[in-house]
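Report on one structure; see the data block that follows.
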Amino acid sequence: MNVITDVAAQGLTRALAEQARTLTHADLPDDVRELARQCLLDYVACALAGAQDEVTGIALAEMQEQGGSPVATVIGHDARLPVLSAALVNGTASHALDFDDVNLAMTGHPSVVLLSALLALAEERGSSGRDVMAAFVAGYELQCRLGLLLAPGHYNALGFHATATLGSFGAAAACAHLLGLDAERFATALGIAGTQAAGLKSMFGTMCKPLHAGKAAYHGLLAARLAQRGFTSRTDVLECPQGFARTHSPDFHPEDALADPPGEFHIRNNLFKYHAACYMTHAPIEAARKLREKHGLTPERIAAIRLRLDESCDRICNIPAPRTGLEAKFSLRLTTAMALAGVDTSGLGSYSAQTAADPRLVALRDKVEFDFRDGLPNTLAELELALTDGTTVRAVHDAGVPATNIAEKFGALVEPVLGGAKTRDLMAEIGRFDALADVRGFIRLCGT
């Protein structure tokens with residue numbers, strides 16, 4: 001671990017808590033508010049589509065069996081649950097398809113955890129859209145700052161799933177903000193979140209990955225509620241001896257966590273997904289799509305495939321021979337083969353055991369060879385194809401460029417669940433989210 005003096009590390013948790021606690025809706029520039037609405041649009045689309053997934057059904061059945069006061073909407077279902085249970089189920093649903101947004105500062109999925117916790121709490125309280133939006137951005141910024149605090153070792157070297165671990169802190173901060181906690185209880189909520197935070201990258205390709213998002217929402221919301229009631233914890237959880245930083249990363253960079261991000265807000269670097277797979281597969285998919293379209297390629301014309309990527313991708317999404325739809329989302333080989341064969345990688349039905357076993361795709365998949373390099377952007381892919389006629393073609397793509405036009409994605413995911421009229425109503429409500437005096441009507445539109 002990097003050596004940090006006591007003076008430099010003192011008060012880090014409180015400083016980050018105060019940055020989050022004091023952020024107001026008035027502090028948000030117009031483009032940041034629009035980005036927050038885009039995150040909400042993407043979240044609702046992913047949650048409604050993911051609500052139909054098997055993992056959501058299992059989580060919902062378990063939480064229903066636990067019982068409790070039915071005060072919060074289960075997205076995509078005609079069901080209501082206690083606040084914490086709803087946060088868990090909705091968090092699991094929104095991450096079930098691995099189609100939700102990403103921020104590389106935290107190396108994880110920011111919105112699913114925050115909004116699953118916030119919307120459940122806001123429905124219970126009848127909060128305004130302005131208050132939810134300010135709380136969302138506060139939590140978003142804090143979890144990105146924590147990503148920089150612990151980078152790169154937390155995610156890359158030790159294998160923690162940042163959506164789960166840092167998301168627990170982010171959800172705690174967002175919910176503490178919405179509850180209006182004072183400085184002491186806000187920092188306490190981060191301590192309670194930190195002692196619960198967990199999640200392993202080794203679980204990618206299983207139902208545990210979406211559960212990570214659900215549990216992080218649950219942990220963060222629980223932390224804020226307990227802190228509000230006077231529950232105690234350390235208020236220096238990040239920097240203290242045997243605290244979160246020292247037990248969860250070989251790296252510790254408080255100066256990076258406290259620095260103003262490029263562009264002032266981390267949310268300005270939010271990345272939306274257009275393929276229903278791990279974000280590190282997006283650049284190879286796009287490079288493959290470019291070559292297929294430019295050269296009119298068919299699988300039979302491809303003799304060899306070489307993929308140059310940052311070496312970190314090998315530990316994120318390199319399941320060599322996936323057997324299930326979930327595993328397929330974390331297979332660089334198979335997703336590249338799918339794109340080369342013209343399979344719709346944005347289609348939810350494309351990721352299945354049948355696709356994983358398709359002989360034509362398997363033959364392409366097994367032609368992929370890797371050239372992993374140290375120091376490349378992990379959003380960059382260089383794809384080289386040797387064709388059967390002796391020629392070689394190449395393409396490069398960087399998936400690290402933010403884009404915000406997700407209305408088409410929203411319609412494609414939501415309309416099959418809610419129908420056209422309700423889809424349009426829901427999109428209109430998100431467009432005027434800041435003006436909502438009470439978000440409960442909006443949240444209930446997300447049920448069925």
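Order determines the names: the first chain of the structure tokens is A, the second B, and so forth; residues in each chain are numbered 1 upward, and ligands are numbered 1 upward as they are shown.
Residue neighbourhood of Pro299 in chain A, excluding near-sequence residues (fewer than 2 positions): A:Arg292, A:Leu297, A:Arg301, A:Ile302, A:Ala303, A:Ala337, A:Met338, A:Leu340, A:Ala341, A:Gly342, A:Arg360, A:Leu361, A:Ala363, A:Leu364, A:Leu387, at 10 Å, using only C-alpha atoms.
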Give me the residues within 8 Å of Arg308 in chain A as a ChimeraX atom specification, counting only C-alpha atoms and dropping any in the same chain fewer than 5 places off.
-> /A:370-373,381-383
Just to be explicit: take each residue in the selection above, keep C-alpha atoms, and write the result as a compact mmCIF listing (two decimals), in the first residue's frame.
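Dumped to out.txt:
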# COMPACT_ATOMS: atom_id res chain seq x y z
CA PHE A 370 -5.63 -12.64 -27.84
CA ASP A 371 -2.81 -10.15 -27.69
CA PHE A 372 -3.21 -8.70 -24.22
CA ARG A 373 -1.15 -5.57 -23.59
CA ALA A 381 -9.98 -2.92 -29.07
CA GLU A 382 -7.91 -3.62 -32.16
CA LEU A 383 -9.32 -6.48 -34.26
Name the closest residue to Val237 in chain A among the candidates A:Leu121, A:Val396, A:Val102, A:Ile192; distances are taken between atoms, counting only C-alpha atoms.
-> A:Ile192
Spatial neighbours of Thr379 in chain A, 10 Å, only C-alpha atoms, chain gap at least 6 places, as a list of chain:residue names =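 The residues satisfying every condition are A:Leu104, A:Tyr279, A:Met280, A:Thr281, A:His282, A:Ala283, A:Pro284, A:Leu309, A:Asp310, A:Cys313, A:His397, A:Asp398, A:Ala399, A:Gly400, A:Val401.
The interatomic distance for the pair CA of Ser85 in chain A and CA of Leu190 in chain A works out to 20.2 Å.
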Find the spatial neighbours of Ala17 in chain A, counting only C-alpha atoms, within a cut-off of 9 Å - ignore same-chain residues fewer than 2 positions away - and output them as a ChimeraX atom specification.
-> /A:12-15,19-22,142,173,183,186-187,190
As number ranges by chain, list the residues of range 46-118 of chain A assigned to alpha helix (DSSP H) by DSSP on the backbone atoms of this structure.
-> A: 46-50, 54-66, 83-95, 110-118
With the cut-off set at 12 Å and counting only C-alpha atoms, tabulate each residue of range 69-176 of chain A with an atom at most that distance from an atom of range 25-35 of chain A, showing the nearest atom pair and its distance in Å to one decimal, ordered by chain and increasing number, as a tab-separated table.
residue	atom	partner	partner_atom	distance
A:Asp101	CA	A:Leu35	CA	11.5
A:Ser111	CA	A:Leu35	CA	11.2
A:Ser128	CA	A:His25	CA	11.2
A:Gly129	CA	A:His25	CA	9.8
A:Arg130	CA	A:His25	CA	6.2
A:Asp131	CA	A:His25	CA	7.0
A:Val132	CA	A:His25	CA	9.1
A:Met133	CA	A:His25	CA	7.0
A:Ala134	CA	A:His25	CA	4.8
A:Ala135	CA	A:His25	CA	8.5
A:Phe136	CA	A:His25	CA	10.1
A:Val137	CA	A:Leu28	CA	8.5
A:Ala138	CA	A:His25	CA	9.7
A:Tyr140	CA	A:Val32	CA	11.6
A:Glu141	CA	A:Val32	CA	11.6
Would you write out those residues with N, CA and C atoms, as a short mmCIF file (atom, residue, chain, number, x, y, z; two decimals), in the first residue's frame?
data_model
loop_
_atom_site.label_atom_id
_atom_site.label_comp_id
_atom_site.auth_asym_id
_atom_site.auth_seq_id
_atom_site.Cartn_x
_atom_site.Cartn_y
_atom_site.Cartn_z
N ASP A 101 -25.88 1.23 -17.24
CA ASP A 101 -24.78 2.15 -17.51
C ASP A 101 -23.54 1.87 -16.66
N SER A 111 -25.74 3.57 -11.66
CA SER A 111 -27.13 3.97 -11.49
C SER A 111 -28.01 2.89 -10.87
N SER A 128 -39.74 14.63 -3.57
CA SER A 128 -39.86 15.34 -4.84
C SER A 128 -38.80 14.85 -5.83
N GLY A 129 -39.04 15.12 -7.10
CA GLY A 129 -38.07 14.78 -8.12
C GLY A 129 -36.76 15.51 -7.94
N ARG A 130 -36.82 16.77 -7.55
CA ARG A 130 -35.61 17.56 -7.32
C ARG A 130 -34.75 16.93 -6.23
N ASP A 131 -35.40 16.51 -5.14
CA ASP A 131 -34.65 15.92 -4.03
C ASP A 131 -34.02 14.58 -4.42
N VAL A 132 -34.75 13.78 -5.17
CA VAL A 132 -34.21 12.49 -5.62
C VAL A 132 -33.04 12.71 -6.56
N MET A 133 -33.17 13.68 -7.47
CA MET A 133 -32.09 13.93 -8.42
C MET A 133 -30.82 14.40 -7.72
N ALA A 134 -30.94 15.32 -6.76
CA ALA A 134 -29.76 15.79 -6.03
C ALA A 134 -29.12 14.65 -5.26
N ALA A 135 -29.93 13.80 -4.65
CA ALA A 135 -29.40 12.66 -3.89
C ALA A 135 -28.70 11.67 -4.82
N PHE A 136 -29.29 11.47 -6.00
CA PHE A 136 -28.69 10.57 -6.98
C PHE A 136 -27.30 11.04 -7.40
N VAL A 137 -27.18 12.30 -7.76
CA VAL A 137 -25.89 12.81 -8.21
C VAL A 137 -24.88 12.80 -7.06
N ALA A 138 -25.33 13.08 -5.84
CA ALA A 138 -24.43 13.03 -4.68
C ALA A 138 -23.86 11.63 -4.51
N TYR A 140 -23.74 9.28 -6.81
CA TYR A 140 -22.99 8.94 -8.02
C TYR A 140 -21.55 9.44 -7.90
N GLU A 141 -21.41 10.73 -7.51
CA GLU A 141 -20.09 11.32 -7.43
C GLU A 141 -19.25 10.66 -6.35
#
Would you mind listing what lies within 12 Å of range 433-444 of chain A as a VMD selection string, with only C-alpha atoms counted and same-chain residues fewer than 5 positions away left out?
-> chain A and resid 25 to 26 28 30 33 to 34 36 to 41 44 48 71 to 80 86 90 115 to 116 118 to 134 422 to 423 425 to 428
Counting only C-alpha atoms, what is within 7 Å of range 211-221 of chain A, bar same-chain residues fewer than 5 positions away, as a VMD selection string?
-> chain A and resid 84 87 to 92 95 112 to 114 116 to 117 163 to 165 167 to 169 171 to 172 175 193 196 to 197 199
Find the distance between CA of Phe99 in chain A and CA of Tyr274 in chain A and write it in Å to one decimal.
-> 7.4 Å
Shell around Cys278 in chain A at 9 Å using only C-alpha atoms, local window under 6 positions removed, as an NGL selection string | :A and (98-99 or 316-317 or 329-332)
Could you tell me how far CA of Ser350 in chain A lies from CA of Lys201 in chain A, in Å and to one decimal?
-> 23.2 Å
